[in-house]
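J.: My questions all concern the structure below.
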There are 2 protein chains.
Amino acid sequence: MTVLEKVRQNIIPPEIKTIAQEERIALETLLDEIRHGRVAVPWNPRHTRLKPIGIGRRLRTKVNANIGTSPRACQIEDELKKLEICVRYGADTVMDLSTAGDLDKIRQMIIEHSPLPVGTVPIYQVMVEHPDPGEVRAHHILDTIRKHGEQGVDFITVHCGVTRDKIPLVKNRVGGVVSRGGSFMIKWMQQTGQENPLYEKYDELLDIAREYDMTLSLGDGLRPGAIADASDEAQLSELETIAELASLALNRGVQVMIEGPGHVPLHKIRENMEIQQKLCKGVPFYVLGPIVTDIAPGYDHITGAIGGALAAFYGAAFLCYVTPAEHLRLPTIEDVKEGIIAGRIAAHAADLALGKPGARDWDDEMSAYRYQLNWPKMISLAIDPEKAERYRKESHIQEDAPECSMCGEYCAVKISREVSELQK
Amino acid sequence: MTVLEKVRQNIIPPEIKTIAQEERIALETLLDEIRHGRVAVPWNPRHTRLKPIGIGRRLRTKVNANIGTSPRACQIEDELKKLEICVRYGADTVMDLSTAGDLDKIRQMIIEHSPLPVGTVPIYQVMVEHPDPGEVRAHHILDTIRKHGEQGVDFITVHCGVTRDKIPLVKNRVGGVVSRGGSFMIKWMQQTGQENPLYEKYDELLDIAREYDMTLSLGDGLRPGAIADASDEAQLSELETIAELASLALNRGVQVMIEGPGHVPLHKIRENMEIQQKLCKGVPFYVLGPIVTDIAPGYDHITGAIGGALAAFYGAAFLCYVTPAEHLRLPTIEDVKEGIIAGRIAAHAADLALGKPGARDWDDEMSAYRYQLNWPKMISLAIDPEKAERYRKESHIQEDAPECSMCGEYCAVKISREVSELQK
């Protein structure tokens, strides 16, 4: 039985109770959310080191970090270091998007070392193993997915919604197709003249997902890759197809998430979230950023944090990080760290604004220490204590100085604490 | 006559026409905005190197960068380097907040070298010259303001709204008073038992501002410094006072802006902007960030970019940058650069979403080059071409490679360009 089936039959694994406690939500509420597919718990039982988490609107917003090799940067040690950074800086899940080296081995190593749910995009392996898309048959794809399940992958991105009828909708785009899986499927469909096998054989896909209890992350192969293309017909038409497929998965006891854009200007984020929530009946929305402008390669962790905060505020449950390397190169270890922190800031900013349980406590505690000018506590509470400490140290301020080098003795907090009328 | 008076009498300096052209707005519209105080053009005629700009809702959102020495970091060369960075990376204005060294000389140097409007907070100089606030008399403050005017300062922050009746409203705050000028005024009022001289002698202040044509930036000395204190009575009550003072200034032919928070959670940004726009009848709102969470010292350029983007979308005209150094130290040259870029991203994201003239062209051009895989053009169009170029170089990709090291040969754009059905 899958976790979803267990919960529906009221068999409650202790891990689910732990999730309820950690999220400060009533167990009954959590179970109800899981039953209806509004919370996903990606949890392949073969991933033995996993500490399961829940992903959904009623829970803390989660952040995914993508790692993995590429043809131009392929060192397994680097990927394990990136995984370590993911755990250390608080990513909630990790996706192995490797496209070079011994893919099975890299994946195995990451699963073995990761306490976080691990996701993959199996079509990448198919793509690497078949340089000519025309040679790929449906069973190659399904067999690869099965292999990922056997290895213990917790969730997989599958581009089931990129169907033949949608190809013409992309033609007039400024940015074309920017999803690797999406572009591969389109090329395959063109070369073979056949329908997307992940759509055609969706039942078989569900069987495999059910067998290994992998959560499906229904990929948006047609997500816009330019502000000019945001919320276009291709995107929305794919979302409609995905929404139908999500229902089928839930009916079969398979957990599911919906992937979303991408590039979305500020004023379209709310409508994007609301359309998804409505069409997909609250199934968790997993968005990539979204980045709110195209002009800032090198700073897309920031454009993504702006969009991610708003997306999480209006409906997303799960943010895929964007690193400063986006649109420029495979992320380095440092890029991974910056992406995670920016993603977590976005997620927390939304959780705080939504009044999610416990979110504001962190801010209030920080502010109380700020008012006390208690530097060691401020630093230890910071989202990145090392950076906060380094910044203070580099300013050559005495370690026990009450203020910082911004204002020195003119510190407003220090002065306001001296005013007797304000004293607590 | 001040610029405002000239425009009201239909005497139009050529610089105003240039602003209209550069902002792609009809001259008549711009003049109307200036006449009603909805666009400010900080422009002290003694600042001979100035290239005037307009600040207002109908124009491109502007970004200010704070520079200046502090008791713990006082090198005039560093401040001139920071100014150079401000110009190079596209800050629209610069404020000299120096509190150490030869303040008059530093200010003079910055004004001489700056083509950007220069702002100051004259009370800082008063504070530095009078370690005991109780010794300060109203004429010290007014004389200092006059001196700044004589030197060519284009706009000054004056904390006129921090009046005695508001002190009790601060008492129960988590974060106290975080404005240096605000805390100094409160301490002064407590020590002397008198009302805020900038409020009491507001007419004299207006005379000086009018004489030198300095724009007043009515400072929010009681802005919240913690998420817990956002939109509290102290903040809103000060804003009401400031709104009245703004009308008086405009009636006297003195241009004016309104300063705003600070620390505001996502869900309170819209209401903050709308209250200000309504109370202050469209007078430009100049916000500090706002940062949307307290937990990220070291990354407040990101928390500030999230809040700044939303603030500019909902009503702010002018964003004061926040650097990664905020809450930790005086910004270094590198911090200044990061703060400017983050502020400009926020401003542009909002302008794009609001459909301000020309804003989206930049994104569309970038996206077109992305689709062409034209790396030199992508890099030269990036908000920070140096960083984009460095990122690509560090990835050891061949200079003329069509793709980047993220996907290598699996580049989605490359693949989608190969699909004949998608070809343009």
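Every chain in the structure tokens takes a letter, A first, then B, and so on in the order presented; its residues are numbered from 1, and the ligands are numbered from 1 following the presented order.
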Using backbone DSSP assignments, extract all strand (DSSP E) residues from segment 45-142 of chain B; output them as a ChimeraX atom specification.

T.: /B:55-56,62-67,93-96,118-120

J.: Those residues with N, CA, C and O atoms, as a tab-separated table (two decimals), in the first residue's frame please?

T.:
chain	number	residue	atom	x	y	z
B	55	ILE	N	10.91	62.02	-9.53
B	55	ILE	CA	10.53	60.88	-8.68
B	55	ILE	C	9.02	60.93	-8.49
B	55	ILE	O	8.49	61.91	-7.94
B	56	GLY	N	8.33	59.89	-8.95
B	56	GLY	CA	6.88	59.87	-8.79
B	56	GLY	C	6.29	58.62	-9.41
B	56	GLY	O	6.95	57.94	-10.21
B	62	LYS	N	12.46	54.87	-8.76
B	62	LYS	CA	13.84	55.24	-8.53
B	62	LYS	C	14.41	54.52	-7.30
B	62	LYS	O	13.66	54.10	-6.40
B	63	VAL	N	15.75	54.43	-7.30
B	63	VAL	CA	16.44	53.72	-6.22
B	63	VAL	C	17.50	54.64	-5.61
B	63	VAL	O	18.33	55.20	-6.34
B	64	ASN	N	17.46	54.78	-4.31
B	64	ASN	CA	18.49	55.56	-3.60
B	64	ASN	C	19.50	54.63	-2.94
B	64	ASN	O	19.14	53.59	-2.39
B	65	ALA	N	20.75	55.06	-2.95
B	65	ALA	CA	21.80	54.34	-2.22
B	65	ALA	C	22.35	55.24	-1.12
B	65	ALA	O	22.70	56.40	-1.39
B	66	ASN	N	22.41	54.72	0.08
B	66	ASN	CA	23.01	55.45	1.20
B	66	ASN	C	24.50	55.17	1.25
B	66	ASN	O	24.91	54.01	1.24
B	67	ILE	N	25.29	56.23	1.32
B	67	ILE	CA	26.71	56.04	1.57
B	67	ILE	C	27.08	56.93	2.76
B	67	ILE	O	26.20	57.53	3.37
B	93	THR	N	19.76	58.13	-7.01
B	93	THR	CA	20.14	59.20	-6.09
B	93	THR	C	21.09	58.60	-5.07
B	93	THR	O	21.19	57.38	-4.95
B	94	VAL	N	21.75	59.48	-4.32
B	94	VAL	CA	22.67	59.00	-3.30
B	94	VAL	C	22.47	59.87	-2.06
B	94	VAL	O	22.19	61.06	-2.17
B	95	MET	N	22.50	59.24	-0.89
B	95	MET	CA	22.43	60.03	0.34
B	95	MET	C	23.74	59.90	1.08
B	95	MET	O	24.26	58.79	1.26
B	96	ASP	N	24.27	61.03	1.52
B	96	ASP	CA	25.49	61.03	2.32
B	96	ASP	C	25.07	61.04	3.79
B	96	ASP	O	24.61	62.06	4.30
B	118	VAL	N	21.80	64.52	-4.56
B	118	VAL	CA	22.41	64.14	-3.28
B	118	VAL	C	21.48	64.53	-2.14
B	118	VAL	O	20.98	65.66	-2.08
B	119	GLY	N	21.23	63.57	-1.26
B	119	GLY	CA	20.43	63.84	-0.07
B	119	GLY	C	21.28	63.73	1.18
B	119	GLY	O	22.33	63.08	1.17
B	120	THR	N	20.81	64.37	2.25
B	120	THR	CA	21.50	64.25	3.54
B	120	THR	C	20.45	64.20	4.65
B	120	THR	O	19.26	64.44	4.42

J.: Quick one: pick out all alpha helix (DSSP H) residues within segment 355-403 of chain B from a backbone DSSP run and write them as a PyMOL selection string.

T.: chain B and resi 359-372+375-381+385-394

J.: Taking a cut-off of 10 Å and counting only C-alpha atoms, can you build a table that, for each residue of segment 18-75 of chain B near segment 245-264 of chain B, reports the nearest atom pair and how far apart they are in Å (one decimal), sorted by chain then residue number, as a tab-separated table?

T.:
residue	atom	partner	partner_atom	distance
B:Ile34	CA	B:Gln255	CA	8.6
B:Arg35	CA	B:Leu250	CA	8.7
B:His36	CA	B:Leu250	CA	7.9
B:Gly37	CA	B:Leu250	CA	6.5
B:Arg38	CA	B:Met257	CA	8.8
B:Val39	CA	B:Gln255	CA	8.6
B:Ala40	CA	B:Gln255	CA	5.9
B:Val41	CA	B:Gln255	CA	7.6
B:Pro42	CA	B:Gln255	CA	7.6
B:Trp43	CA	B:Gln255	CA	9.7
B:Ile55	CA	B:Met257	CA	8.8
B:Gly56	CA	B:Met257	CA	9.2

J.: Between B:Asp207, B:Asp300, B:Arg72, B:Val322, which one has atoms that come closest to chain A, using only C-alpha atoms?

T.: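 Smallest distance to chain A is found for B:Arg72.
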
J.: Which residues are near segment 214-228 of chain A? Cut-off 8 Å, only C-alpha atoms, ignore same chain within fewer than 3 positions. Put them as a ChimeraX atom specification.

T.: /A:40-44,149,153-162,170,173-183,209-211,231-232,234-235,238-239,242,246,254-265,292-294 /B:363-364,367

J.: Suppose you want the space between atom CA of His348 of chain B and atom CA of Tyr286 of chain A; what is it in Å?

T.: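 So the two atoms, atom CA of His348 of chain B and atom CA of Tyr286 of chain A, lie 25.3 Å apart.
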
J.: Can you work out which one of B:Ala317, B:Leu116, B:Ile340, B:Leu50 has the shortest atom-to-atom distance to chain A, counting only C-alpha atoms?

T.: B:Ile340

J.: If I take atom CA of Tyr199 of chain B and atom CA of Ile186 of chain B, how far is one from the other in Å, to one decimal?

T.: 12.6 Å

J.: Quick one: everything within 9 Å of Met189 of chain A, counting only C-alpha atoms, minus sequence neighbours fewer than 3 positions away in the same chain. Send it as a PyMOL selection string.

T.: chain A and resi 133-134+163-164+184-186+192-196

J.: Env of Pro168 of chain B: 10 Å cut, atoms = only C-alpha atoms, seq-sep filter 3 positions within chain, self excluded. Answer as a PyMOL selection string.

T.: (chain A and resi 421-422) or (chain B and resi 164-165+171-172+234)

J.: Can you write out the residues you just picked, keeping N, CA and C atoms, as a PDB file, in the first residue's frame?

T.:
ATOM      1  N   GLU A 421      11.182  57.382  29.159  1.00  0.00           N
ATOM      2  CA  GLU A 421       9.762  57.194  28.829  1.00  0.00           C
ATOM      3  C   GLU A 421       9.517  55.936  27.996  1.00  0.00           C
ATOM      4  N   LEU A 422      10.586  55.444  27.375  1.00  0.00           N
ATOM      5  CA  LEU A 422      10.412  54.266  26.518  1.00  0.00           C
ATOM      6  C   LEU A 422      10.824  52.985  27.230  1.00  0.00           C
TER       7      LEU A 422
ATOM      8  N   ARG B 164       5.919  65.179  20.466  1.00  0.00           N
ATOM      9  CA  ARG B 164       5.887  64.682  21.848  1.00  0.00           C
ATOM     10  C   ARG B 164       4.736  63.716  22.112  1.00  0.00           C
ATOM     11  N   ASP B 165       3.591  64.015  21.510  1.00  0.00           N
ATOM     12  CA  ASP B 165       2.414  63.178  21.767  1.00  0.00           C
ATOM     13  C   ASP B 165       2.606  61.744  21.279  1.00  0.00           C
ATOM     14  N   LYS B 171       6.154  52.947  23.344  1.00  0.00           N
ATOM     15  CA  LYS B 171       6.585  52.232  24.551  1.00  0.00           C
ATOM     16  C   LYS B 171       6.478  50.705  24.463  1.00  0.00           C
ATOM     17  N   ASN B 172       5.411  50.224  23.886  1.00  0.00           N
ATOM     18  CA  ASN B 172       5.234  48.766  23.920  1.00  0.00           C
ATOM     19  C   ASN B 172       5.770  48.018  22.711  1.00  0.00           C
ATOM     20  N   ALA B 234       2.066  54.163  16.332  1.00  0.00           N
ATOM     21  CA  ALA B 234       3.137  55.164  16.262  1.00  0.00           C
ATOM     22  C   ALA B 234       3.436  55.509  14.806  1.00  0.00           C
TER      23      ALA B 234
END
